[in-house]
Amino acid sequence: MKNTNAGILWLKSHTTPFILSIPLLILAVLVQAYGDTLLVRIVTVLFINLVMVLSLQVFMGNSGILNFAHIGFMGIGAYTSVLFSMTPQAKAATLPDLYPFLRPIHLPFLPSLLIGAIAAALVAALVGYALMRLSDAAAVITLFALLVIIHTILVHWSIVTNGPRTLFGVDNYTSLGISTFFGILVIFIAYLFKETPVGLKLRASRDDRYAAASIGVNIVQVRWAGFVLSAFLAGFGGGLWAHFITSFSPYAFYLTETFSVLSMLVIGGTGSVSGAVLGTVVVTLLREGLRAVENSVNIAGVFPNNLVGFTEVVLSLLLILILVFRPSGLLGSQEIRLANTIPLASGKFSASELSRESSPKEGEHV
Amino acid sequence: MLTVENLQVAYGAILALKGVSLEVKEGELVALIGVNGAGKSTLLLTIAGVLRPVSGKITFGGDSLVGKSPEEIVRRGISLVPEGREIFSSLTVEENLRMGAFVRKNQAEYQQDLEKVFALFPILKQRLHQLGGTLSGGEQQQLAIARALMSHPALLMLDEPSLGLAPALVDQIFDLITRLHQQGTTILLVEQNVDRTLQIADRVYLLQTGKVKFGGTAAEVRHQGEVEKVYLGGVE
């Protein structure tokens with residue numbers, strides 16, 4: 001087998017990330033070329049959401065553990081990255097009590113993003129090993145507690161977060177191009193992780209953790225790896241968002257955002273990367289559409305009072321309907337792929353090889 | 001190869017195995033038969049490390065297995081295909097097979113092994129990219145055995161592989177076990193289908209309420225008439 005042949009075979013059976021990325025890439029290019037400011041903003045947010053939802057899918061989809069702590073890692077990534085990317089002057093204005101050693105640091109955007117992601121991953125790595133021993137409801141409740149703890153720290157650590165007040169003075173670095181790049185990169189990372197040995201073991205442990213353990217899977221270890229990668233990517237997402245919105249408070253990284261990202265993943269389908277992408281696109285566009293409807297209804301004065309929360313109510317109803325009628329999401333655990341590109345048995349075996357009786361050899365086990 | 005000596009296993013206060021001794025030699029097909037509750041599955045689960053014995057010894061290739069984790073025991077070459085074929089239903093057939101191969105160091109042999117498994121189970125090749133949960137019962141059983149084979153077990157333990165399968169599939173499974181045995185795989189088989197089992201096994205242990213009632217060759221078991229006694233009445 002030549003390497004190039006093997007590579008083509010591999011690509012043929014892994015068309016999913018390409019099928020998912022190409023329409024999104026086309027959308028980004030079209031919007032960049034012809035879209036107005038509002039549309040550019042919507043699509044930029046779409047790609048940031050994509051990073052958040054896919055990073056959630058990396059852990060939650062493969063391990064089957066509902067992860068409420070996810071947005072906490074987004075917060076860690078956001079605050080850490082801006083501490084490195086802001087100019088000393090901006091820091092002096094918004095964070096007057098900042099630790100002296102942090103004041104003069106001023107790094108470019110990408111290294112700052114990376115540091116934010118590493119910070120989130122480090123926190124996940126430290127608390128994760130103990131947490132990953134838990135399963136089912138115990139794991140969910142503990143992860144929720146972790147979100148509350150991270151939130152409380154962000155609210156009270158005024159020296160670096162400006163406390164519950166808004167932190168401002170962040171430069172706007174996250175353009176449509178940057179968010180598109182990371183959104184598509186994360187599609188590939190999430191898909192490839194699923195296919196790695198660790199991802200496969202994690203999915204096996206989701207199906208039946210006792211059976212997986214009995215064939216040699218160290219459940220805590222594979223869950224931990226997924227958790228840390230997921231937090232790393234969430235940290236990236238947080239940094240991207242922070243440098244898009246440019247001023248924010250710890251309340252941005254709490255329940256509203258948690259349920260927003262969770263609903264995107266659940267509506268699309270937790271078990272697959274395709275589902276996560278579809279859910280993000282559908283919910284983001286639907287939300288913008290509903291907001292526009294809400295605004296025009298209010299401006300036109302159809303009702304005596306202003307319509308409030310229309311968007312949230314419709315999205316919640318949608319979530320309920322999905323959970324009732326398609327509990328595994330729009331796409332379930334199946335990936336979108338080109339139908340007839342899966343080579344039968346890697347295409348390596350001929351029919352004659354199959355039908356022949358296997359000749360027994362002494363001392364050799366099948 | 002595998003020796004079990006005076007093994008006692010308890011579920012809470014109840015002794016399920018009351019001092020069982022048996023031996024499996026390399027290349028043998030040894031069957032455990034006995035009515036429900038005799039302790040057959042308990043014995044397999046204890047050898048696999050899922051249950052801990054109260055007392056007694058289990059040695060495999062000279063090393064004691066008592067107190068080792070299931071993971072460690074799989075690495076030493078004992079694979080259990082549990083009753084009720086616990087395959088990973090949301091993984092594809094191919095991924096299920098890859099799961100079986102993880103404990104081995106040599107991944108280069110993977111393709112070769114896959115080919116051998118397909119020769120034994122042609123249906124799995126057709127189903128390669130289907131989810132495990134969408135297979136029929138017989139196909140799932142084949143997949144469970146195939147997955148165990150992917151780990152190159154020195155000893156393959158099968159817990160009631162014909163349970164709940166249609167008669168035609170039962171024949172297939174027994175043919176398969178015979179073929180594996182002929183190829184040199186050492187097998188410890190638990191079965192309720194006594195007739196078929198006596199036809200293919202080298203040696204048989206008859207378990208009754210946690211004890212070995214009789215051990216011998218299949219022919220001896222037939223002549224002693226012990227099987228009828230155990231299955232048709234006369235419990236002590």
# chains A, B, ... in the order shown; residues from 1 in each chain; ligands from 1

$ interface_residues --of "chain B" --to "chain A" --cutoff "6 Å" --atoms "only C-alpha atoms" --output "compact mmCIF listing (two decimals) with N, CA and C atoms, in the first residue's frame"
# COMPACT_ATOMS: atom_id res chain seq x y z
N PRO B 70 -9.81 -6.26 36.02
CA PRO B 70 -10.21 -6.84 34.74
C PRO B 70 -9.29 -6.39 33.60
N GLU B 71 -8.90 -5.10 33.62
CA GLU B 71 -7.99 -4.58 32.60
C GLU B 71 -6.71 -5.38 32.51
N PHE B 88 -20.90 -2.36 21.93
CA PHE B 88 -21.13 -0.92 22.04
C PHE B 88 -22.11 -0.54 20.95
N ALA B 119 -12.93 -13.46 7.68
CA ALA B 119 -13.02 -14.81 7.13
C ALA B 119 -13.94 -15.67 7.99
N GLN B 183 -8.45 -24.23 15.19
CA GLN B 183 -7.33 -23.35 14.87
C GLN B 183 -6.38 -23.18 16.05
N GLY B 184 -6.73 -23.77 17.17
CA GLY B 184 -5.79 -23.77 18.28
C GLY B 184 -6.14 -22.82 19.41
N THR B 185 -7.29 -22.15 19.33
CA THR B 185 -7.68 -21.26 20.42
C THR B 185 -8.13 -22.09 21.62

$ select_by_dssp --residues "region 54-104 of chain B" --states "strand (DSSP E or B)" --output "PDB file with all heavy atoms, in the first residue's frame"
ATOM      1  N   SER B  55     -12.160 -17.032  48.775  1.00  0.00           N
ATOM      2  CA  SER B  55     -10.916 -17.777  48.971  1.00  0.00           C
ATOM      3  C   SER B  55     -10.667 -18.629  47.738  1.00  0.00           C
ATOM      4  O   SER B  55     -11.527 -18.732  46.860  1.00  0.00           O
ATOM      5  CB  SER B  55     -11.017 -18.653  50.214  1.00  0.00           C
ATOM      6  OG  SER B  55     -11.985 -19.656  50.000  1.00  0.00           O
ATOM      7  N   GLY B  56      -9.505 -19.235  47.691  1.00  0.00           N
ATOM      8  CA  GLY B  56      -9.165 -20.077  46.546  1.00  0.00           C
ATOM      9  C   GLY B  56      -8.140 -19.412  45.649  1.00  0.00           C
ATOM     10  O   GLY B  56      -7.799 -18.245  45.833  1.00  0.00           O
ATOM     11  N   LYS B  57      -7.658 -20.189  44.688  1.00  0.00           N
ATOM     12  CA  LYS B  57      -6.592 -19.689  43.808  1.00  0.00           C
ATOM     13  C   LYS B  57      -7.032 -19.754  42.361  1.00  0.00           C
ATOM     14  O   LYS B  57      -7.732 -20.677  41.948  1.00  0.00           O
ATOM     15  CB  LYS B  57      -5.355 -20.582  43.946  1.00  0.00           C
ATOM     16  CG  LYS B  57      -4.559 -20.383  45.212  1.00  0.00           C
ATOM     17  CD  LYS B  57      -3.308 -21.246  45.110  1.00  0.00           C
ATOM     18  CE  LYS B  57      -2.780 -21.588  46.496  1.00  0.00           C
ATOM     19  NZ  LYS B  57      -1.849 -22.717  46.438  1.00  0.00           N
ATOM     20  N   ILE B  58      -6.613 -18.752  41.594  1.00  0.00           N
ATOM     21  CA  ILE B  58      -6.742 -18.811  40.141  1.00  0.00           C
ATOM     22  C   ILE B  58      -5.360 -18.518  39.586  1.00  0.00           C
ATOM     23  O   ILE B  58      -4.798 -17.459  39.857  1.00  0.00           O
ATOM     24  CB  ILE B  58      -7.713 -17.740  39.602  1.00  0.00           C
ATOM     25  CG1 ILE B  58      -9.070 -17.834  40.288  1.00  0.00           C
ATOM     26  CG2 ILE B  58      -7.871 -17.880  38.091  1.00  0.00           C
ATOM     27  CD1 ILE B  58      -9.990 -16.664  39.990  1.00  0.00           C
ATOM     28  N   THR B  59      -4.794 -19.462  38.864  1.00  0.00           N
ATOM     29  CA  THR B  59      -3.496 -19.178  38.247  1.00  0.00           C
ATOM     30  C   THR B  59      -3.614 -19.341  36.744  1.00  0.00           C
ATOM     31  O   THR B  59      -4.323 -20.217  36.239  1.00  0.00           O
ATOM     32  CB  THR B  59      -2.393 -20.119  38.762  1.00  0.00           C
ATOM     33  OG1 THR B  59      -2.880 -21.454  38.731  1.00  0.00           O
ATOM     34  CG2 THR B  59      -1.975 -19.773  40.177  1.00  0.00           C
ATOM     35  N   PHE B  60      -2.914 -18.443  36.045  1.00  0.00           N
ATOM     36  CA  PHE B  60      -2.947 -18.439  34.581  1.00  0.00           C
ATOM     37  C   PHE B  60      -1.511 -18.330  34.096  1.00  0.00           C
ATOM     38  O   PHE B  60      -0.826 -17.356  34.395  1.00  0.00           O
ATOM     39  CB  PHE B  60      -3.785 -17.258  34.098  1.00  0.00           C
ATOM     40  CG  PHE B  60      -3.913 -17.184  32.604  1.00  0.00           C
ATOM     41  CD1 PHE B  60      -4.620 -18.155  31.912  1.00  0.00           C
ATOM     42  CD2 PHE B  60      -3.324 -16.150  31.899  1.00  0.00           C
ATOM     43  CE1 PHE B  60      -4.745 -18.085  30.540  1.00  0.00           C
ATOM     44  CE2 PHE B  60      -3.452 -16.074  30.522  1.00  0.00           C
ATOM     45  CZ  PHE B  60      -4.167 -17.046  29.840  1.00  0.00           C
ATOM     46  N   ASP B  63       0.970 -17.452  36.866  1.00  0.00           N
ATOM     47  CA  ASP B  63       0.776 -16.277  37.723  1.00  0.00           C
ATOM     48  C   ASP B  63      -0.605 -16.301  38.364  1.00  0.00           C
ATOM     49  O   ASP B  63      -1.573 -16.718  37.742  1.00  0.00           O
ATOM     50  CB  ASP B  63       0.891 -14.983  36.903  1.00  0.00           C
ATOM     51  CG  ASP B  63       2.234 -14.856  36.237  1.00  0.00           C
ATOM     52  OD1 ASP B  63       3.226 -15.333  36.830  1.00  0.00           O
ATOM     53  OD2 ASP B  63       2.286 -14.303  35.121  1.00  0.00           O
ATOM     54  N   SER B  64      -0.676 -15.794  39.596  1.00  0.00           N
ATOM     55  CA  SER B  64      -1.969 -15.714  40.257  1.00  0.00           C
ATOM     56  C   SER B  64      -2.769 -14.546  39.687  1.00  0.00           C
ATOM     57  O   SER B  64      -2.232 -13.479  39.418  1.00  0.00           O
ATOM     58  CB  SER B  64      -1.771 -15.498  41.760  1.00  0.00           C
ATOM     59  OG  SER B  64      -3.029 -15.238  42.332  1.00  0.00           O
ATOM     60  N   ILE B  78      -6.763 -13.065  28.672  1.00  0.00           N
ATOM     61  CA  ILE B  78      -8.045 -13.732  28.887  1.00  0.00           C
ATOM     62  C   ILE B  78      -9.160 -12.800  28.430  1.00  0.00           C
ATOM     63  O   ILE B  78      -9.251 -11.676  28.887  1.00  0.00           O
ATOM     64  CB  ILE B  78      -8.248 -14.094  30.375  1.00  0.00           C
ATOM     65  CG1 ILE B  78      -7.147 -15.042  30.830  1.00  0.00           C
ATOM     66  CG2 ILE B  78      -9.624 -14.708  30.579  1.00  0.00           C
ATOM     67  CD1 ILE B  78      -7.315 -15.527  32.250  1.00  0.00           C
ATOM     68  N   SER B  79      -9.963 -13.250  27.487  1.00  0.00           N
ATOM     69  CA  SER B  79     -11.082 -12.438  27.007  1.00  0.00           C
ATOM     70  C   SER B  79     -12.389 -13.115  27.335  1.00  0.00           C
ATOM     71  O   SER B  79     -12.554 -14.298  27.070  1.00  0.00           O
ATOM     72  CB  SER B  79     -10.992 -12.257  25.493  1.00  0.00           C
ATOM     73  OG  SER B  79     -10.376 -11.057  25.184  1.00  0.00           O
ATOM     74  N   LEU B  80     -13.308 -12.344  27.882  1.00  0.00           N
ATOM     75  CA  LEU B  80     -14.630 -12.878  28.202  1.00  0.00           C
ATOM     76  C   LEU B  80     -15.649 -12.274  27.251  1.00  0.00           C
ATOM     77  O   LEU B  80     -15.706 -11.062  27.073  1.00  0.00           O
ATOM     78  CB  LEU B  80     -14.992 -12.519  29.650  1.00  0.00           C
ATOM     79  CG  LEU B  80     -16.431 -12.802  30.081  1.00  0.00           C
ATOM     80  CD1 LEU B  80     -16.734 -14.295  30.076  1.00  0.00           C
ATOM     81  CD2 LEU B  80     -16.721 -12.224  31.460  1.00  0.00           C
ATOM     82  N   VAL B  81     -16.449 -13.127  26.618  1.00  0.00           N
ATOM     83  CA  VAL B  81     -17.610 -12.644  25.873  1.00  0.00           C
ATOM     84  C   VAL B  81     -18.793 -12.845  26.807  1.00  0.00           C
ATOM     85  O   VAL B  81     -19.253 -13.965  26.996  1.00  0.00           O
ATOM     86  CB  VAL B  81     -17.815 -13.434  24.568  1.00  0.00           C
ATOM     87  CG1 VAL B  81     -19.042 -12.931  23.829  1.00  0.00           C
ATOM     88  CG2 VAL B  81     -16.584 -13.327  23.688  1.00  0.00           C
ATOM     89  N   THR B  92     -19.799   1.947  15.460  1.00  0.00           N
ATOM     90  CA  THR B  92     -19.950   1.096  14.284  1.00  0.00           C
ATOM     91  C   THR B  92     -19.269  -0.250  14.548  1.00  0.00           C
ATOM     92  O   THR B  92     -18.515  -0.404  15.509  1.00  0.00           O
ATOM     93  CB  THR B  92     -19.303   1.724  13.039  1.00  0.00           C
ATOM     94  OG1 THR B  92     -17.898   1.805  13.268  1.00  0.00           O
ATOM     95  CG2 THR B  92     -19.850   3.102  12.752  1.00  0.00           C
TER      96      THR B  92
END

$ residues_around --residues "Leu65 (chain B)" --least-positions-apart "3" --cutoff "12 Å" --atoms "only C-alpha atoms" --output "ChimeraX atom specification"
/B:2-5,46-53,56-62,68-78

$ residues_around --residues "Arg223 (chain A)" --least-positions-apart "2" --cutoff "8 Å" --atoms "only C-alpha atoms" --output "JSON, numbers by chain"
{"A": [59, 63, 132, 202, 219, 220, 221, 225, 226, 227]}

$ write_last_selection --atoms "N, CA, C and O atoms" --output "PDB file, in the first residue's frame"
ATOM      1  N   PHE A  59     -16.432  17.000  24.676  1.00  0.00           N
ATOM      2  CA  PHE A  59     -16.529  16.243  25.928  1.00  0.00           C
ATOM      3  C   PHE A  59     -17.902  15.599  26.090  1.00  0.00           C
ATOM      4  O   PHE A  59     -18.024  14.393  26.268  1.00  0.00           O
ATOM      5  N   SER A  63     -18.500  11.609  25.821  1.00  0.00           N
ATOM      6  CA  SER A  63     -18.514  10.943  27.122  1.00  0.00           C
ATOM      7  C   SER A  63     -19.931  10.697  27.618  1.00  0.00           C
ATOM      8  O   SER A  63     -20.147   9.882  28.505  1.00  0.00           O
ATOM      9  N   MET A 132     -13.791  13.420  37.047  1.00  0.00           N
ATOM     10  CA  MET A 132     -14.061  12.410  36.027  1.00  0.00           C
ATOM     11  C   MET A 132     -14.331  11.026  36.614  1.00  0.00           C
ATOM     12  O   MET A 132     -14.689  10.108  35.907  1.00  0.00           O
ATOM     13  N   LEU A 202     -13.583   6.835  24.637  1.00  0.00           N
ATOM     14  CA  LEU A 202     -14.537   7.664  25.361  1.00  0.00           C
ATOM     15  C   LEU A 202     -15.961   7.324  24.925  1.00  0.00           C
ATOM     16  O   LEU A 202     -16.861   7.187  25.754  1.00  0.00           O
ATOM     17  N   ILE A 219     -11.269   4.500  32.175  1.00  0.00           N
ATOM     18  CA  ILE A 219     -12.345   5.463  31.933  1.00  0.00           C
ATOM     19  C   ILE A 219     -11.978   6.869  32.408  1.00  0.00           C
ATOM     20  O   ILE A 219     -12.201   7.849  31.710  1.00  0.00           O
ATOM     21  N   VAL A 220     -11.412   6.963  33.617  1.00  0.00           N
ATOM     22  CA  VAL A 220     -11.092   8.282  34.171  1.00  0.00           C
ATOM     23  C   VAL A 220     -10.109   9.004  33.253  1.00  0.00           C
ATOM     24  O   VAL A 220     -10.256  10.191  32.966  1.00  0.00           O
ATOM     25  N   GLN A 221      -9.126   8.267  32.768  1.00  0.00           N
ATOM     26  CA  GLN A 221      -8.103   8.862  31.915  1.00  0.00           C
ATOM     27  C   GLN A 221      -8.668   9.404  30.593  1.00  0.00           C
ATOM     28  O   GLN A 221      -8.375  10.540  30.213  1.00  0.00           O
ATOM     29  N   ALA A 225      -8.959  13.386  29.404  1.00  0.00           N
ATOM     30  CA  ALA A 225      -8.371  13.915  28.167  1.00  0.00           C
ATOM     31  C   ALA A 225      -9.425  14.706  27.384  1.00  0.00           C
ATOM     32  O   ALA A 225      -9.158  15.811  26.902  1.00  0.00           O
ATOM     33  N   GLY A 226     -10.632  14.150  27.285  1.00  0.00           N
ATOM     34  CA  GLY A 226     -11.703  14.838  26.571  1.00  0.00           C
ATOM     35  C   GLY A 226     -12.092  16.138  27.253  1.00  0.00           C
ATOM     36  O   GLY A 226     -12.316  17.162  26.604  1.00  0.00           O
ATOM     37  N   PHE A 227     -12.123  16.110  28.577  1.00  0.00           N
ATOM     38  CA  PHE A 227     -12.517  17.273  29.368  1.00  0.00           C
ATOM     39  C   PHE A 227     -11.513  18.406  29.183  1.00  0.00           C
ATOM     40  O   PHE A 227     -11.886  19.574  29.000  1.00  0.00           O
TER      41      PHE A 227
END

$ residues_around --residues "Val170 (chain A)" --least-positions-apart "5" --cutoff "8 Å" --atoms "only C-alpha atoms" --output "list in words"
Val82, Ser85, Met86, Ala90, Ala242, His243, Thr246 and Ser247 of chain A

$ write_last_selection --atoms "C-alpha atoms" --output "compact mmCIF listing (two decimals), in the first residue's frame"
# COMPACT_ATOMS: atom_id res chain seq x y z
CA VAL A 82 -7.71 40.13 27.56
CA SER A 85 -3.86 41.56 24.87
CA MET A 86 -4.96 44.88 26.42
CA ALA A 90 -6.38 50.43 28.86
CA ALA A 242 -14.07 38.81 24.40
CA HIS A 243 -12.18 40.41 21.51
CA THR A 246 -14.84 44.24 23.72
CA SER A 247 -16.62 44.96 27.01

$ residues_around --residues "Ser151 (chain B)" --least-positions-apart "2" --cutoff "6 Å" --atoms "only C-alpha atoms" --output "ChimeraX atom specification"
/B:100-101,148-149,153

$ residues_around --residues "region 180-187 of chain A" --least-positions-apart "6" --cutoff "6 Å" --atoms "only C-alpha atoms" --output "number ranges by chain"
A: 21, 47, 50-51

$ select_by_dssp --residues "region 20-230 of chain B" --states "alpha helix (DSSP H)" --output "PyMOL selection string"
chain B and resi 40-47+70-75+93-101+110-120+122-126+137-150+167-182+194-200+218-224+226-230

$ closest_residue --among "B:Leu44, B:Val221, B:Leu32, B:Ile200" --to "His181 (chain B)" --atoms "only C-alpha atoms"
B:Ile200

$ closest_residue --among "B:Gln130, B:Thr209, B:Thr217, B:Thr178" --to "Gly19 (chain B)" --atoms "only C-alpha atoms"
B:Thr209

$ atom_distance --atom1 "CA of Asp195 (chain B)" --atom2 "CA of His223 (chain B)"
13.2 Å

$ atom_distance --atom1 "CA of Leu286 (chain A)" --atom2 "CA of Tyr254 (chain A)"
21.8 Å

$ atom_distance --atom1 "CA of Leu95 (chain A)" --atom2 "CA of Ile153 (chain A)"
16.1 Å
